[in-house]
Every structure is written in structure tokens, then in C-alpha cells.
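Containing compact mmCIF, C-alpha atoms: entry_27.txt.
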# COMPACT_ATOMS: atom_id res chain seq x y z
CA MET G 1 0.00 0.00 0.00
CA GLN G 2 3.00 2.23 0.53
CA MET G 3 4.27 1.48 -2.94
CA THR G 4 0.97 1.70 -4.82
CA ARG G 5 -0.98 4.33 -2.91
CA GLY G 6 1.73 6.15 -0.93
CA MET G 7 0.10 5.27 2.37
CA ARG G 8 1.96 5.87 5.62
CA ILE G 9 2.36 2.86 7.88
CA ARG G 10 -0.72 3.31 10.10
CA GLU G 11 -2.99 3.97 7.16
CA ALA G 12 -1.52 1.01 5.26
CA LYS G 13 -2.10 -1.35 8.19
CA ALA G 14 -5.69 -0.16 8.62
CA TYR G 15 -6.39 -0.58 4.91
CA VAL G 16 -4.95 -4.08 4.70
CA ALA G 17 -6.69 -5.18 7.89
CA GLN G 18 -10.02 -3.97 6.57
CA LYS G 19 -9.54 -5.68 3.22
CA LEU G 20 -8.56 -8.97 4.85
CA SER G 21 -11.32 -8.70 7.47
CA VAL G 22 -8.86 -8.91 10.35
CA SER G 23 -7.86 -6.50 13.08
CA VAL G 24 -4.72 -4.37 12.84
CA GLN G 25 -3.45 -6.33 15.82
CA ASP G 26 -3.92 -9.57 13.87
CA LEU G 27 -1.50 -8.33 11.19
CA ALA G 28 1.34 -8.57 13.71
CA ASP G 29 0.47 -12.14 14.71
CA PRO G 30 2.26 -14.66 12.46
CA VAL G 31 0.09 -17.52 13.71
CA ARG G 32 -3.16 -15.74 12.93
CA MET G 33 -1.84 -14.42 9.62
CA ALA G 34 -0.72 -17.89 8.51
CA GLU G 35 -4.37 -18.96 8.83
CA VAL G 36 -5.55 -15.87 6.99
CA ARG G 37 -3.03 -16.34 4.20
CA ASP G 38 -4.04 -19.99 3.81
CA ASP G 39 -7.77 -19.21 3.84
CA LEU G 40 -7.46 -16.36 1.34
CA ASP G 41 -4.79 -17.95 -0.92
CA LEU G 42 -2.21 -15.25 -0.31
CA GLY G 43 0.80 -17.56 -0.16
CA LEU G 44 2.53 -19.23 2.79
CA VAL G 45 6.09 -19.28 4.05
CA ARG G 46 6.05 -23.09 3.95
CA SER G 47 5.85 -24.62 0.52
CA LEU G 48 2.87 -27.00 0.54
CA PRO G 49 1.17 -28.93 -2.27
CA HIS G 50 -1.80 -27.34 -4.03
CA ARG G 51 -1.31 -23.95 -2.38
CA VAL G 52 -0.79 -20.74 -4.34
CA LYS G 53 2.81 -19.68 -4.76
CA GLY G 54 4.56 -16.67 -6.23
CA ILE G 55 2.70 -15.12 -9.14
CA ASP G 56 -0.56 -16.96 -8.25
CA ALA G 57 -0.46 -15.39 -4.81
CA LYS G 58 0.20 -11.99 -6.30
CA PHE G 59 -2.93 -12.28 -8.47
CA ARG G 60 -4.90 -12.85 -5.26
CA ILE G 61 -3.14 -10.02 -3.43
CA ALA G 62 -3.92 -7.59 -6.25
CA GLU G 63 -7.56 -8.66 -6.25
CA LEU G 64 -8.07 -8.57 -2.48
CA LEU G 65 -6.27 -5.29 -1.90
CA ASP G 66 -7.72 -3.72 -5.06
CA ILE G 67 -4.33 -2.62 -6.33
CA GLY G 68 -2.49 -2.90 -9.61
CA ILE G 69 0.63 -5.08 -9.53
CA ASN G 70 2.86 -4.53 -12.55
CA CYS G 71 4.09 -8.12 -12.95
CA VAL G 72 0.56 -9.48 -12.50
CA ASN G 73 -0.80 -7.23 -15.24
CA ARG G 74 2.02 -8.13 -17.61
CA PHE G 75 1.69 -11.85 -16.87
CA ARG G 76 -2.02 -11.63 -17.57
CA ASP G 77 -1.33 -9.87 -20.87
CA ARG G 78 1.33 -12.40 -21.91
CA VAL G 79 -0.73 -15.48 -21.06
CA GLY G 80 -3.91 -13.95 -22.40
CA LYS G 81 -2.37 -13.42 -25.84
CA LYS G 82 -1.55 -17.07 -26.24
CA PHE G 83 -5.02 -18.28 -25.43
CA LYS G 84 -7.06 -15.86 -27.54
CA MET I 1 28.07 2.70 39.90
CA PRO I 2 27.12 0.04 37.36
CA LYS I 3 28.69 0.27 33.93
CA ILE I 4 26.65 -0.01 30.73
CA LEU I 5 27.96 -2.14 27.91
CA THR I 6 27.58 -0.31 24.62
CA ARG I 7 29.32 0.04 21.28
CA MET I 8 31.24 2.74 19.51
CA GLY I 9 30.53 3.78 15.93
CA ASP I 10 33.34 1.51 14.75
CA GLY I 11 31.56 -1.47 16.32
CA PHE I 12 33.89 -2.08 19.26
CA LEU I 13 32.47 -2.61 22.74
CA ALA I 14 32.81 0.09 25.33
CA GLU I 15 31.75 0.46 28.96
CA VAL I 16 30.16 3.74 29.90
CA SER I 17 28.58 5.09 33.05
CA GLU I 18 24.97 6.22 33.21
CA GLY I 19 26.15 9.82 33.17
CA GLU I 20 28.34 9.26 30.11
CA LEU I 21 25.46 7.64 28.25
CA ARG I 22 23.16 10.56 29.02
CA LYS I 23 25.84 13.02 27.97
CA ASP I 24 26.40 11.21 24.66
CA LEU I 25 22.70 11.31 23.85
CA GLU I 26 22.47 15.02 24.68
CA GLU I 27 25.55 15.90 22.66
CA GLY I 28 24.48 13.79 19.68
CA THR I 29 21.15 15.51 19.36
CA LYS I 30 22.70 18.96 19.85
CA ASP I 31 25.21 18.26 17.07
CA ALA I 32 22.45 17.49 14.57
CA ALA I 33 20.26 20.37 15.72
CA ALA I 34 23.08 22.88 15.29
CA ARG I 35 24.08 21.63 11.86
CA ALA I 36 20.63 21.50 10.30
CA ASN I 37 18.94 24.25 12.32
CA ILE I 38 16.28 21.85 13.56
CA PRO I 39 14.91 21.14 17.05
CA PRO I 40 16.90 18.76 19.27
CA LEU I 41 15.16 15.77 20.82
CA ASN I 42 13.09 16.63 23.88
CA GLU I 43 13.50 15.24 27.40
CA ASP I 44 10.99 12.43 26.92
CA GLU I 45 12.69 11.30 23.73
CA LEU I 46 16.12 11.38 25.33
CA ARG I 47 14.80 9.40 28.28
CA HIS I 48 13.32 6.86 25.89
CA LEU I 49 16.66 6.56 24.09
CA TYR I 50 18.45 6.23 27.40
CA ASP I 51 16.18 3.32 28.38
CA ILE I 52 16.90 1.56 25.08
CA TYR I 53 20.66 2.03 25.28
CA ARG I 54 21.14 1.19 28.93
CA SER I 55 19.49 -2.20 28.41
CA SER I 56 21.69 -5.23 28.91
CA ALA I 57 19.66 -7.31 26.44
CA LYS I 58 21.52 -8.96 23.58
CA PHE I 59 18.66 -8.11 21.24
CA THR I 60 15.75 -5.73 21.46
CA SER I 61 12.77 -4.83 19.30
CA VAL I 62 9.62 -2.77 19.04
CA ASP I 63 6.47 -3.69 20.93
CA ILE I 64 4.08 -6.15 19.26
CA GLY I 65 1.87 -4.15 16.94
CA ASP I 66 4.44 -1.43 16.22
CA GLU I 67 6.19 -3.32 13.45
CA VAL I 68 7.11 -1.48 10.26
CA VAL I 69 7.92 -2.58 6.74
CA LEU I 70 11.37 -4.14 6.40
CA THR I 71 12.96 -3.55 3.03
CA TYR I 72 16.35 -4.51 1.67
CA ASP I 73 18.56 -3.04 -0.99
CA ALA I 74 21.15 -4.95 -2.97
CA GLY I 75 20.35 -8.19 -1.15
CA THR I 76 21.39 -10.31 -4.11
CA LEU I 77 24.91 -8.90 -3.72
CA LYS I 78 25.10 -9.05 0.02
CA ILE I 79 24.34 -12.73 0.37
CA ARG I 80 27.41 -13.43 -1.75
CA ARG I 81 29.57 -11.35 0.59
CA VAL I 82 29.10 -14.03 3.23
CA GLY I 83 30.25 -16.67 0.79
CA ILE I 84 26.85 -18.14 -0.05
CA ASP I 85 27.22 -18.44 -3.80
CA VAL I 86 23.59 -18.88 -4.78
CA GLY I 87 21.94 -17.63 -7.92
CA ARG I 88 20.12 -14.34 -7.58
CA ILE I 89 16.64 -15.83 -7.83
CA HIS I 90 17.48 -18.21 -4.97
CA ALA I 91 18.92 -15.30 -3.02
CA LEU I 92 15.61 -13.46 -3.38
CA GLN I 93 13.75 -16.51 -2.12
CA ILE I 94 16.10 -16.79 0.87
CA TYR I 95 15.40 -13.20 1.82
CA GLU I 96 11.63 -13.63 1.32
CA ARG I 97 11.18 -16.92 3.11
CA LEU I 98 13.98 -17.13 5.66
CA LEU I 99 14.99 -13.56 6.45
CA GLY I 100 11.55 -11.96 6.62
CA ALA I 101 12.01 -9.34 3.93
CA ASP I 102 8.88 -7.37 3.05
CA THR I 103 10.36 -6.20 -0.25
CA MET I 104 13.48 -7.26 -2.11
CA GLU I 105 15.69 -5.90 -4.82
CA LEU I 106 17.27 -7.63 -7.77
CA ALA I 107 20.69 -6.11 -8.33
CA HIS I 108 23.80 -6.72 -10.39
CA VAL I 109 27.13 -7.16 -8.66
CA ASP I 110 28.41 -4.10 -10.59
CA TYR I 111 25.82 -2.05 -8.80
CA SER I 112 25.63 1.12 -10.89
CA TYR I 113 23.13 2.23 -13.54
CA LYS I 114 25.99 3.06 -15.93
CA ALA I 115 27.29 -0.52 -15.64
CA VAL I 116 23.87 -2.11 -16.00
CA LYS I 117 22.82 -0.13 -19.06
CA PRO I 118 24.83 -2.15 -21.64
CA ILE I 119 23.71 -5.47 -20.15
CA VAL I 120 20.11 -4.59 -19.36
CA GLY I 121 18.92 -7.18 -21.89
CA ASN I 122 20.56 -9.86 -19.72
CA GLU I 123 19.10 -8.46 -16.50
CA GLN I 124 15.52 -8.29 -17.74
CA PRO I 125 14.96 -12.06 -18.18
CA ILE I 126 16.35 -12.67 -14.68
CA LEU I 127 13.87 -10.16 -13.28
CA GLU I 128 11.02 -11.65 -15.30
CA GLN I 129 11.83 -15.11 -13.98
CA ALA I 130 12.34 -13.86 -10.43
CA LEU I 131 8.87 -12.29 -10.41
CA LEU I 132 7.24 -15.69 -10.92
CA PRO I 133 8.24 -17.50 -7.70
CA SER I 134 8.33 -14.40 -5.51
CA THR I 135 5.38 -13.15 -3.49
CA ILE I 136 6.84 -9.98 -2.01
CA PRO I 137 7.30 -6.86 -4.16
CA LEU I 138 10.47 -6.90 -6.21
CA PHE I 139 12.47 -3.81 -7.07
CA TYR I 140 15.33 -3.44 -9.49
CA GLY I 141 18.08 -1.30 -8.04
CA ALA I 142 21.49 0.23 -8.55
CA MET I 143 23.40 3.40 -7.70
CA PRO I 144 23.39 6.60 -9.73
CA ASN I 145 27.14 6.71 -8.90
CA LEU I 146 28.07 9.76 -10.92
CA GLY I 147 31.72 9.26 -10.07
CA ILE I 148 32.14 6.56 -12.71
CA TYR I 149 31.17 8.93 -15.51
CA SER I 150 34.50 10.71 -14.92
CA GLN I 151 37.74 9.80 -16.67
CA PRO I 152 39.39 7.31 -16.65
CA ASP I 153 36.28 5.21 -15.90
CA GLY I 154 33.91 7.33 -17.94
CA PRO I 155 33.79 9.83 -20.78
CA VAL I 156 33.68 13.19 -19.00
CA PRO I 157 36.70 15.13 -17.66
CA ASN I 158 37.41 14.42 -14.00
CA ALA I 159 36.05 17.24 -11.85
CA SER I 160 38.06 16.07 -8.82
CA GLU I 161 41.26 16.63 -10.81
CA LEU I 162 40.12 19.91 -12.35
CA MET I 163 39.14 21.57 -9.07
CA PRO I 164 42.59 21.46 -7.37
CA MET I 165 43.97 22.98 -10.59
CA GLY I 166 41.62 25.94 -10.07
CA LYS I 167 39.59 25.01 -13.15
CA ILE I 168 36.26 25.46 -11.41
CA ALA I 169 34.22 26.36 -14.49
CA GLU I 170 35.58 23.31 -16.33
CA ALA I 171 34.86 21.10 -13.30
CA ARG I 172 31.27 22.33 -13.15
CA ALA I 173 30.81 21.77 -16.89
CA ALA I 174 32.11 18.22 -16.52
CA GLN I 175 29.69 17.48 -13.70
CA GLU I 176 26.79 18.91 -15.68
CA GLU I 177 27.71 16.64 -18.57
CA ALA I 178 27.80 13.66 -16.20
CA VAL I 179 24.32 14.56 -14.97
CA GLU I 180 22.93 14.37 -18.52
CA LEU I 181 24.53 10.98 -19.15
CA ALA I 182 23.40 9.56 -15.80
CA VAL I 183 19.80 10.67 -16.28
CA LYS I 184 19.71 8.89 -19.64
CA ASP I 185 21.11 5.68 -18.13
CA MET I 186 18.76 5.68 -15.14
CA VAL I 187 15.70 6.33 -17.28
CA TYR I 188 16.79 3.68 -19.80
CA VAL I 189 17.35 0.97 -17.19
CA GLY I 190 14.35 1.99 -15.10
CA SER I 191 12.10 1.87 -18.15
CA ALA I 192 13.41 -1.53 -19.22
CA MET I 193 12.86 -3.01 -15.77
CA TYR I 194 9.38 -1.57 -15.45
CA GLU I 195 8.47 -2.97 -18.87
CA SER I 196 9.71 -6.36 -17.58
CA GLY I 197 7.37 -6.18 -14.62
CA ALA I 198 9.39 -4.66 -11.78
CA ASP I 199 7.26 -3.46 -8.89
CA GLY I 200 9.65 -0.59 -8.33
CA ILE I 201 12.99 1.00 -9.09
CA ASN I 202 15.46 1.85 -6.35
CA PHE I 203 18.08 4.57 -6.63
CA ASP I 204 20.59 3.63 -3.95
CA THR I 205 23.19 5.93 -2.35
CA THR I 206 21.79 8.98 -4.10
CA GLY I 207 23.97 12.01 -3.59
CA ALA I 208 27.17 10.02 -3.10
CA ALA I 209 28.92 12.25 -5.63
CA GLY I 210 27.33 15.38 -4.23
CA ASP I 211 24.77 17.74 -5.69
CA PRO I 212 25.19 16.57 -9.33
CA ASP I 213 24.40 13.01 -8.19
CA PHE I 214 21.26 14.19 -6.36
CA LEU I 215 20.15 16.31 -9.31
CA ALA I 216 20.53 13.46 -11.80
CA THR I 217 18.42 11.17 -9.62
CA LEU I 218 15.69 13.73 -9.06
CA ARG I 219 15.46 14.39 -12.78
CA ALA I 220 15.46 10.67 -13.64
CA SER I 221 12.72 10.07 -11.04
CA LYS I 222 10.59 12.84 -12.50
CA ILE I 223 10.95 11.51 -16.03
CA LEU I 224 10.18 7.92 -15.00
CA LYS I 225 7.12 8.90 -12.97
CA ALA I 226 5.77 10.97 -15.87
CA LYS I 227 6.33 8.02 -18.20
CA TYR I 228 4.98 5.36 -15.78
CA PRO I 229 2.69 6.98 -13.17
CA ASP I 230 2.14 3.74 -11.28
CA LEU I 231 5.85 2.91 -11.00
CA CYS I 232 7.13 2.92 -7.41
CA VAL I 233 10.33 4.96 -7.29
CA GLU I 234 12.37 4.51 -4.12
CA LEU I 235 15.14 7.03 -3.54
CA GLY I 236 17.72 6.11 -0.91
CA MET I 237 20.38 8.61 0.03
CA ALA I 238 24.11 8.28 0.67
CA GLY I 239 24.49 10.75 3.52
CA GLU I 240 22.66 13.33 5.60
CA PHE I 241 24.20 16.29 3.81
CA ILE I 242 24.36 17.08 0.09
CA LEU I 243 27.97 17.92 -0.66
CA GLY I 244 28.33 20.93 -2.92
CA MET I 245 30.73 19.35 -5.40
CA HIS I 246 29.31 21.71 -8.05
CA GLY I 247 27.70 24.17 -5.67
CA LYS I 248 25.25 25.90 -7.99
CA LEU I 249 22.94 23.14 -9.14
CA GLU I 250 19.22 23.57 -8.51
CA PHE I 251 16.11 21.47 -8.86
CA GLU I 252 12.91 23.43 -9.34
CA GLY I 253 14.56 26.57 -8.06
CA VAL I 254 16.05 25.01 -4.90
CA ARG I 255 19.82 24.87 -4.56
CA LEU I 256 20.85 21.32 -3.76
CA ALA I 257 24.17 21.82 -2.01
CA GLY I 258 23.81 21.85 1.76
CA LEU I 259 20.40 20.21 2.03
CA TYR I 260 19.57 17.98 5.01
CA PRO I 261 16.97 15.16 5.08
CA HIS I 262 14.02 17.38 6.04
CA GLU I 263 14.74 19.49 2.95
CA GLN I 264 15.78 16.60 0.67
CA VAL I 265 12.42 14.86 1.12
CA LYS I 266 10.51 17.88 -0.21
CA LEU I 267 12.41 17.76 -3.49
CA ALA I 268 12.06 13.99 -3.69
CA GLN I 269 8.31 14.35 -3.30
CA SER I 270 8.23 17.07 -5.94
CA ALA I 271 10.09 14.73 -8.31
CA GLY I 272 7.40 12.09 -7.80
CA VAL I 273 9.43 9.75 -5.60
CA SER I 274 7.19 7.16 -3.92
CA ILE I 275 9.35 6.14 -0.94
CA PHE I 276 12.23 8.21 0.49
CA GLY I 277 15.13 6.67 2.37
CA PRO I 278 17.06 9.29 4.36
CA VAL I 279 20.55 8.46 5.56
CA VAL I 280 22.61 9.67 8.51
CA ASN I 281 26.22 8.56 8.49
CA THR I 282 27.82 7.10 11.61
CA ASN I 283 30.77 8.78 13.29
CA THR I 284 33.19 6.02 14.28
CA SER I 285 34.81 8.12 17.02
CA LYS I 286 31.56 8.50 18.90
CA SER I 287 29.36 5.97 20.65
CA CYS I 288 26.34 4.39 18.97
CA ALA I 289 24.19 6.26 21.49
CA TRP I 290 25.63 9.60 20.33
CA ASN I 291 25.10 8.53 16.74
CA ILE I 292 21.48 7.40 17.16
CA ALA I 293 20.50 10.57 19.01
CA ARG I 294 22.03 12.55 16.17
CA ALA I 295 20.42 10.39 13.48
CA ILE I 296 16.92 10.56 14.93
CA THR I 297 17.22 14.34 15.30
CA PHE I 298 17.77 14.55 11.53
CA ILE I 299 15.09 11.98 10.70
CA LYS I 300 12.24 13.35 12.82
CA PRO I 301 11.66 16.57 10.83
CA CYS I 302 12.12 14.58 7.62
CA VAL I 303 9.22 12.33 8.65
CA ALA I 304 7.18 15.36 9.73
CA ASN I 305 7.70 17.09 6.36
CA ALA I 306 6.88 13.97 4.35
CA THR I 307 3.66 13.10 2.58
CA ILE I 308 5.21 9.86 1.30
CA PRO I 309 6.45 6.84 3.27
CA ILE I 310 9.87 7.24 4.87
CA HIS I 311 12.16 4.21 5.12
CA ALA I 312 15.31 5.32 6.90
CA ASN I 313 18.44 3.50 5.85
CA MET I 314 19.76 1.34 8.67
CA GLY I 315 22.81 -0.84 8.38
CA MET I 316 26.47 -0.68 7.65
CA GLY I 317 27.49 2.67 9.03
CA VAL I 318 24.16 4.47 8.68
CA GLY I 319 21.21 5.14 10.92
CA GLY I 320 23.15 4.79 14.15
CA ALA I 321 24.52 1.35 13.21
CA PRO I 322 28.29 0.77 13.41
CA VAL I 323 30.50 1.18 10.37
CA MET I 324 31.27 -2.43 9.53
CA ASP I 325 30.19 -5.10 7.06
CA ASN I 326 28.43 -7.22 9.69
CA PRO I 327 27.11 -4.87 12.37
CA PRO I 328 26.34 -6.69 15.65
CA THR I 329 22.65 -7.34 16.30
CA ASP I 330 22.79 -5.68 19.73
CA ALA I 331 23.72 -2.38 18.07
CA VAL I 332 21.43 -2.68 15.04
CA SER I 333 18.40 -3.77 17.06
CA ARG I 334 18.77 -0.87 19.50
CA ALA I 335 19.12 1.61 16.66
CA SER I 336 16.17 0.13 14.77
CA LYS I 337 13.89 0.20 17.81
CA ALA I 338 14.87 3.79 18.54
CA MET I 339 14.37 4.88 14.93
CA VAL I 340 10.91 3.35 14.69
CA GLU I 341 9.63 4.44 18.10
CA ILE I 342 11.02 7.96 18.21
CA GLY I 343 11.59 8.66 14.51
CA ARG I 344 8.07 7.44 13.63
CA LEU I 345 9.24 5.75 10.45
CA ASP I 346 7.08 3.94 7.91
CA GLY I 347 9.79 1.37 7.30
CA LEU I 348 13.43 0.48 7.57
Before anything else, please render the file you have as C-alpha cells.
Amino acid sequence: MQMTRGMRIREAKAYVAQKLSVSVQDLADPVRMAEVRDDLDLGLVRSLPHRVKGIDAKFRIAELLDIGINCVNRFRDRVGKKFK
Amino acid sequence: MPKILTRMGDGFLAEVSEGELRKDLEEGTKDAAARANIPPLNEDELRHLYDIYRSSAKFTSVDIGDEVVLTYDAGTLKIRRVGIDVGRIHALQIYERLLGADTMELAHVDYSYKAVKPIVGNEQPILEQALLPSTIPLFYGAMPNLGIYSQPDGPVPNASELMPMGKIAEARAAQEEAVELAVKDMVYVGSAMYESGADGINFDTTGAAGDPDFLATLRASKILKAKYPDLCVELGMAGEFILGMHGKLEFEGVRLAGLYPHEQVKLAQSAGVSIFGPVVNTNTSKSCAWNIARAITFIKPCVANATIPIHANMGMGVGGAPVMDNPPTDAVSRASKAMVEIGRLDGL
């Protein structure tokens, strides 16, 4: 949120918490956030089968946070061309 | 009277008394205040710093809930400095998954925009591949490094040789020529990396060659932001003071020589910079406590003047950390906690 919307840290935390339907306090809890990331397909630290990773996770992040992510948009354009 | 174990700016341990620690903090903040004509830290802030620096803990941190964004520059170089010879994409994954980085930066070992320009076609596929397995935002970064545009490394006459000869006009002309070349290189590389999907471009150690270096970066930032409005441009400085190597250069009517962080950030914002990384250099003859009080005094008005996120540079010899390749965690953690809690940063 800092990179895309220029938000300062408090504003960025509040925005992300609201979008993920968690509290700002939850953002600082790695145990709670691991659950949230798994539930919302945002990517995990551990590499597990059938879970989103890398670019897949970034598609979800862009969608949930309602932001544009450059590499996501370009990936979508590249893949989209081949399947038209 | 109990002694407090602390470190000097060169990293070596020292024992100080409570009175000596207090005196260092007071003198550090006064030094910064006098230089930049800004307010010193107040009594509450000095007391807070004193509590952090008198601690005997090996490691310290912010309170739960006060965490900030943790970004890295040139991480793909730094992992090799410790002898871990991994490929750069693996290095990025190590930082993301093992070291807790919130953003990372792909960088070439010859970490200057001038050096990257001729090989940018080789860097782009690495970035494009790196963006696929990574989840955190990925920057491409390098230094403006205007020094390498001077002969014998570069094409323009060497201003550092011309000045002692009294050829000031010629030295200024050479630096102005270097500015033009550097802007072209930074815009070229920045554009290529954005077109390859980079989440941001980092200009590291801006101002290292003085006011021409700062001017080139501001101009490159402005051009890139006009070309790509949604590009994140991060501008990290080299020091707290813009050296007047030219002395007469201006950006949007403001003379660059002599600017401190609270003034630098205004120009960075005007140039469209998305995240600003102020730097305060560490004095190796003084204690880390002196250095952090001084650093925060510079950073506080910078944060107050900012409308964009501020990520102060913390690490090897900056931000109150000792001047060494591998600063001890006791020193870095104290400085980081102090910077976040008193400096009110958006990130490190």
C-alpha cells in the first residue's frame, strides 16, 4: 500500500486489515496471519502442495487489496495473448 | 556505579557510566540540531533513548503491533559477501522466506546504472523469472554513482582533478555533462525493468557524488514517474548532507548543495518519488548512542515534512549502526527500535 498508494504505515495497516477482514493487531500475529493467508490464498512461508505460490499469490493479493501489480498485469497480458 | 555495555561507531564494545550515556545522547542531538537548524530531541525522547541504550539485552525490538515494513537493498549482492554463492533468484527466495524481507531488490554485482545499461537485456529475463516465484514486491536497483562517468572510468573530464587545478568552471561543466549521461542511463534501465514487470525501481546511495548526483536522480525520477505513473520509485540517500561538489545546481529553483533530510524529502516528493530513504552517516569516534540521538534528530523533521512513506536506511554505518560489514545485532536492534519508536518511520 505504501508502494501503490503512498500510504503511511498506520494507514496502510488499517487498509490491509479492513480488506482482509482482520484486526490491525492480527497483522502482527504470524500464527493468525498464517491462517488468513491460507484461507485467502495469499501464499505461505512453507511450501505445501496445491497452495498458491509466487505469481498466483500476487494475483490474489492484487484482487483482495484492489491494487495494480505490474508483474501481474504483464503476466495476464502475456498469457492472455496465447489463449485468444 | 554500574557500567553499561555499549558500542562505539566503529563497532567495538565500550563500557560507559549512566552519566556518560546521558551526555552522549544530549551531545548527539545537539550536534544534529546545530548543523541542520532543527529542534533537538526533547527530554521524553532522550529518556526513551536512554532506556533503550542502557538495556543489557543482547537483542531488542519494538512492541508487538508497532512493526514497520522491512525492506532490503542490494540483497542479491550481500548474500554473496558471506560466501553463499547462490543464484540471484534463490537469493531473493532466501530473503523472502527465511529472512523476513517485506520487499526485495534484484541487483547486479556491478551495482551502478551506468554498468547495468549495456547489459540490461541480460538483466531483464532474470527479473522476469524472479517475479514468478516471488510473493513480495520486487524492485530493481542500482546506484546513480556519478563518479564513474568521470575519466578514466567514464567519458567526461574528471572534476576532482580539475578543481585542485583551479579550473572550477571546467569542473562544473564536466559534472553537468555527467548529470545528462546519468539521467539517460537511469531512465533507460528503469524503463526496461518496469516494462519487464518490476514493482519498483530503487536509486541507492543517491547524492554520493554530491549535488550533481542528487540532481541526476531527481530528474530521472521525475521523467520515470511521468512516463509510468504507477511505478514505485524509491530514492535512498548516501548521507545526511548534500555535498556541494558543483555548488550551484538547482532542482525546481532550490539549490541542492547543503540540504539535510528534512529538505531533501521535499524535493524527492516534488520529483514524484514514492518512498524516500534518508541516511545519517555514523561517526566512528563517537558511541552508537551519540550517533542514534544525532540520526533521529535529523530523521524526525524529515518524517514530519513527508507526505510519502519514509524508510530510513539502517545498516552498515548508517542510521546509528556501526560502520562495519556485519554490524552486531545488539547495536542494530537498538538503533532500529529507537528509529521506529522515536523517529516514527514507515519502514526500515
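Shortest separation to G:Val16 among G:Leu42, G:Ile55, G:Leu48, G:Leu64 occurs at residue G:Leu64, atoms counted being only C-alpha atoms.
The list of chain I residues within 8 Å of chain G is Ile64, Gly65, Glu67, Val68, Val69, Arg97, Leu131, Leu132, Pro133, Ser134, Thr135, Tyr194, Ser196, Gly197, Ala198, Asp199, Gly200, Asp230, Leu231, Cys232, Ser274, Ile275, Ile308, Pro309, Leu345, Asp346 and Gly347 of chain I; this uses only C-alpha atoms.
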Written file, previous selection with C-alpha atoms, as an mmCIF file, keeping the file's coordinate frame:
data_model
loop_
_atom_site.group_PDB
_atom_site.id
_atom_site.type_symbol
_atom_site.label_atom_id
_atom_site.label_comp_id
_atom_site.auth_asym_id
_atom_site.auth_seq_id
_atom_site.Cartn_x
_atom_site.Cartn_y
_atom_site.Cartn_z
ATOM 1 C CA ILE I 64 4.080 -6.150 19.260
ATOM 2 C CA GLY I 65 1.870 -4.150 16.940
ATOM 3 C CA GLU I 67 6.190 -3.320 13.450
ATOM 4 C CA VAL I 68 7.110 -1.480 10.260
ATOM 5 C CA VAL I 69 7.920 -2.580 6.740
ATOM 6 C CA ARG I 97 11.180 -16.920 3.110
ATOM 7 C CA LEU I 131 8.870 -12.290 -10.410
ATOM 8 C CA LEU I 132 7.240 -15.690 -10.920
ATOM 9 C CA PRO I 133 8.240 -17.500 -7.700
ATOM 10 C CA SER I 134 8.330 -14.400 -5.510
ATOM 11 C CA THR I 135 5.380 -13.150 -3.490
ATOM 12 C CA TYR I 194 9.380 -1.570 -15.450
ATOM 13 C CA SER I 196 9.710 -6.360 -17.580
ATOM 14 C CA GLY I 197 7.370 -6.180 -14.620
ATOM 15 C CA ALA I 198 9.390 -4.660 -11.780
ATOM 16 C CA ASP I 199 7.260 -3.460 -8.890
ATOM 17 C CA GLY I 200 9.650 -0.590 -8.330
ATOM 18 C CA ASP I 230 2.140 3.740 -11.280
ATOM 19 C CA LEU I 231 5.850 2.910 -11.000
ATOM 20 C CA CYS I 232 7.130 2.920 -7.410
ATOM 21 C CA SER I 274 7.190 7.160 -3.920
ATOM 22 C CA ILE I 275 9.350 6.140 -0.940
ATOM 23 C CA ILE I 308 5.210 9.860 1.300
ATOM 24 C CA PRO I 309 6.450 6.840 3.270
ATOM 25 C CA LEU I 345 9.240 5.750 10.450
ATOM 26 C CA ASP I 346 7.080 3.940 7.910
ATOM 27 C CA GLY I 347 9.790 1.370 7.300
#
(message) Please compute the atom CA of I:Pro155-atom CA of I:Gly121 distance, one decimal, in Å.
(response) 22.6 Å
(request) Would you please work out which residue, of I:Cys288, I:Met339, I:Leu235, I:Ala304, is nearest to I:Ala321 when using all atoms listed in the file? (result) I:Cys288
(message) Which residue is closest to I:Pro157? Choose from I:Pro301, I:Arg172, I:Gly239, I:Gly272 and count all atoms listed in the file.
(response) I:Arg172
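Our summary of the geometry notes that atom CA of I:Glu250 is positioned 15.5 Å from atom CA of I:Thr206.
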(message) With all atoms listed in the file as the counted atoms, please give the residues lying no more than 9 Å from I:Ser221, apart from itself and same-chain residues fewer than 5 positions off, as an NGL selection string.
(response) :I and (183 or 186-187 or 203 or 216 or 226 or 233-235 or 268 or 271-273)
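Separating atom CA of G:Glu35 from atom CA of G:Arg51 is a distance of 12.6 Å.
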(request) Considering all atoms listed in the file, state which residue in the set I:Lys184, I:His262, I:Arg255, I:His246 is at the smallest distance from I:Ile223. (result) I:Lys184
(request) Give the answer as one residue: which of I:Leu224, I:Ala173, I:Leu46, I:Leu259 has the shortest atom-to-atom distance to I:Arg294, using all atoms listed in the file? (result) I:Leu46
(request) Counting all atoms listed in the file, figure out which residue out of I:Asp102, I:Asp51, I:Glu170, I:Glu177 gets nearest to I:Val156. (result) I:Glu177
